[in-house]
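Have a look at the structure below, then the notes.
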Amino acid sequence: MSKLYKNRSIIMVAAAAIIIIVIIAVTSTDRGWISGPESLIGSIIKPATGAVTAIVNSVRSSVTDIAEIGSLRDTNRMLNQQIITLRAQVREVEALIQENQRLREMLDFKDTHSEFDLIGCSVVGKSPDNTSSIFIIDKGSGGGIVKNMPIVTSEGLVGQVIEVGSNWAKVLPLNDQRSSVSILINRTRDTGILKGDISFELTGSISPEAAVVEGDDVVTSGMGGIYPKGLFVGKITQIRTGDGQLLKDIKVEPAVDFNKVEEVFVLKYTEGLPFGGEIIN
């Protein structure tokens with residue numbers, strides 16, 4: 001209550017001061033001097049007018065600050081939008097750089113493998129099933145692709161075509177549990193069979209007498225009728241021989257990261273390349 005009373009008193013004094021100032025200003029317009037009473041009143045109301053001026057200046061400053069805050073918010077919102085746009089542009093540039101690198105590598109692969117008729121394709125779909133790693137490419141019978149054709153990238157062997165449409169084809173990768181390939185250990189020339197499994201890993205069997213070591217390169221043997229000889233498959237990462245085993249078990253790290261395949265080559269059959277053989281349904 002006292003606070004309200006105090007505020008009302010200040011307001012009344014300020015109002016009176018303003019009225020008196022106006023009266024003095026009006027009555028003194030035609031005079032070049034100020035009377036004693038006017039001087040006395042001026043001295044009395046000077047603190048009040050100062051307080052009023054301070055209040056007015058404070059209000060003006062507050063209004064200016066509020067306007068500046070609104071402006072800063074708009075600027076901040078605009079800068080955030082620019083940051084989002086720039087980040088998206090950076091990601092697009094990085095994706096283009098990576099794509100350009102992949103295409104350069106594939107072009108180099110095609111130039112150094114003129115013995116093959118290679119059809120370039122893009123991966124346009126992947127199986128949503130956790131038990132399958134099948135993916136779809138964007139060319140089919142209309143592009144000269146038929147069932148069982150091998151699929152490669154510049155890194156190495158990917159798999160084979162298992163189903164063909166007019167403008168699409170399904171690819172079965174090596175790491176799928178339904179896939180198998182005849183292999184050759186490049187250094188020792190030992191042969192064996194490599195298969196995919198439910199964990200999407202490559203495991204196989206070779207002769208127990210094979211003097212293989214971890215790190216040996218594994219390539220296709222050319223046997224079986226699907227894959228031509230010499231396509232890079234991967235490297236041996238594990239060798240296991242148990243008592244009484246007729247064969248030596250190996251684990252191979254594939255040359256291709258099947259989760260990141262985006263562009264591939266289909267090896268189109270030409271004269272001298274095999275046709276038919278180990279078909280997987």
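Labeling convention for the structure tokens: chains A, B, ... as they appear, residues from 1 per chain, ligands from 1 in order of appearance.
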Residue set, segment 163-223 of chain A restricted to strand (DSSP E), as number ranges by chain: A: 163-164, 169-173, 180-185, 191-196, 202-206, 217-220
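For segment 229-240 of chain A, the list of residues within 8 Å, based on only C-alpha atoms and with local chain neighbours fewer than 3 positions off taken out, reads Glu155, Gly156, Leu157, Val213, Glu214, Gly215, Asp216, Asp217, Val218, Val219, Thr220, Ser221, Gly222, Met223, Lys248, Asp249, Ile250, Lys251, Val252, Glu253, Pro254, Ala255 and Val256 of chain A.
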Please produce a file of the residues just selected, as an mmCIF file, in the first residue's frame, where the atoms kept are N, CA and C atoms.
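Saved to again.cif:
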```
data_model
loop_
_atom_site.group_PDB
_atom_site.id
_atom_site.type_symbol
_atom_site.label_atom_id
_atom_site.label_comp_id
_atom_site.auth_asym_id
_atom_site.auth_seq_id
_atom_site.Cartn_x
_atom_site.Cartn_y
_atom_site.Cartn_z
ATOM 1 N N GLU A 155 37.005 -53.035 -56.808
ATOM 2 C CA GLU A 155 37.675 -53.701 -55.690
ATOM 3 C C GLU A 155 37.745 -55.212 -55.878
ATOM 4 N N GLY A 156 36.731 -55.785 -56.508
ATOM 5 C CA GLY A 156 36.739 -57.231 -56.669
ATOM 6 C C GLY A 156 35.361 -57.787 -56.979
ATOM 7 N N LEU A 157 35.215 -59.099 -56.763
ATOM 8 C CA LEU A 157 33.990 -59.809 -57.103
ATOM 9 C C LEU A 157 32.870 -59.501 -56.112
ATOM 10 N N VAL A 213 48.581 -69.167 -45.583
ATOM 11 C CA VAL A 213 48.789 -68.361 -44.385
ATOM 12 C C VAL A 213 47.794 -67.204 -44.409
ATOM 13 N N GLU A 214 47.596 -66.619 -43.249
ATOM 14 C CA GLU A 214 46.713 -65.452 -43.186
ATOM 15 C C GLU A 214 47.303 -64.317 -44.031
ATOM 16 N N GLY A 215 46.445 -63.668 -44.788
ATOM 17 C CA GLY A 215 46.888 -62.600 -45.686
ATOM 18 C C GLY A 215 47.010 -63.033 -47.126
ATOM 19 N N ASP A 216 46.920 -64.347 -47.405
ATOM 20 C CA ASP A 216 46.981 -64.826 -48.785
ATOM 21 C C ASP A 216 45.789 -64.306 -49.591
ATOM 22 N N ASP A 217 46.052 -63.926 -50.840
ATOM 23 C CA ASP A 217 44.994 -63.472 -51.737
ATOM 24 C C ASP A 217 44.181 -64.645 -52.257
ATOM 25 N N VAL A 218 42.880 -64.424 -52.353
ATOM 26 C CA VAL A 218 41.972 -65.438 -52.878
ATOM 27 C C VAL A 218 41.321 -64.881 -54.142
ATOM 28 N N VAL A 219 41.355 -65.668 -55.231
ATOM 29 C CA VAL A 219 40.751 -65.267 -56.501
ATOM 30 C C VAL A 219 39.836 -66.386 -56.988
ATOM 31 N N THR A 220 39.050 -66.087 -58.015
ATOM 32 C CA THR A 220 38.201 -67.126 -58.592
ATOM 33 C C THR A 220 39.065 -68.118 -59.377
ATOM 34 N N SER A 221 38.673 -69.393 -59.318
ATOM 35 C CA SER A 221 39.456 -70.443 -59.986
ATOM 36 C C SER A 221 39.069 -70.622 -61.443
ATOM 37 N N GLY A 222 37.892 -70.136 -61.821
ATOM 38 C CA GLY A 222 37.418 -70.335 -63.186
ATOM 39 C C GLY A 222 36.622 -71.613 -63.346
ATOM 40 N N MET A 223 36.603 -72.454 -62.299
ATOM 41 C CA MET A 223 35.830 -73.692 -62.350
ATOM 42 C C MET A 223 34.406 -73.435 -61.862
ATOM 43 N N LYS A 248 40.687 -78.196 -44.601
ATOM 44 C CA LYS A 248 41.109 -77.070 -43.761
ATOM 45 C C LYS A 248 40.100 -75.936 -43.937
ATOM 46 N N ASP A 249 39.599 -75.427 -42.822
ATOM 47 C CA ASP A 249 38.620 -74.332 -42.871
ATOM 48 C C ASP A 249 39.329 -72.979 -42.924
ATOM 49 N N ILE A 250 38.800 -72.097 -43.751
ATOM 50 C CA ILE A 250 39.361 -70.750 -43.850
ATOM 51 C C ILE A 250 38.238 -69.715 -43.766
ATOM 52 N N LYS A 251 38.606 -68.545 -43.348
ATOM 53 C CA LYS A 251 37.688 -67.410 -43.345
ATOM 54 C C LYS A 251 38.322 -66.313 -44.186
ATOM 55 N N VAL A 252 37.544 -65.696 -45.049
ATOM 56 C CA VAL A 252 38.074 -64.719 -45.998
ATOM 57 C C VAL A 252 37.387 -63.359 -45.795
ATOM 58 N N GLU A 253 38.195 -62.328 -45.714
ATOM 59 C CA GLU A 253 37.649 -60.967 -45.689
ATOM 60 C C GLU A 253 37.431 -60.523 -47.125
ATOM 61 N N PRO A 254 36.184 -60.260 -47.532
ATOM 62 C CA PRO A 254 35.923 -59.920 -48.939
ATOM 63 C C PRO A 254 36.563 -58.597 -49.344
ATOM 64 N N ALA A 255 36.920 -58.512 -50.612
ATOM 65 C CA ALA A 255 37.497 -57.272 -51.130
ATOM 66 C C ALA A 255 36.463 -56.167 -51.190
ATOM 67 N N VAL A 256 35.198 -56.558 -51.297
ATOM 68 C CA VAL A 256 34.103 -55.602 -51.453
ATOM 69 C C VAL A 256 33.348 -55.448 -50.139
#
```
Residues within 8 Å of Gly120 of chain A, only C-alpha atoms, excluding chain neighbours under 4 positions, as a PyMOL selection string: chain A and resi 263-266
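Near Lys147 of chain A, within 9 Å and counting only C-alpha atoms, sit A:Gln160, A:Val161, A:Ile162, A:Glu163, A:Val164, A:Ala169, A:Ile279, not including residues fewer than 6 positions from it in the same chain.
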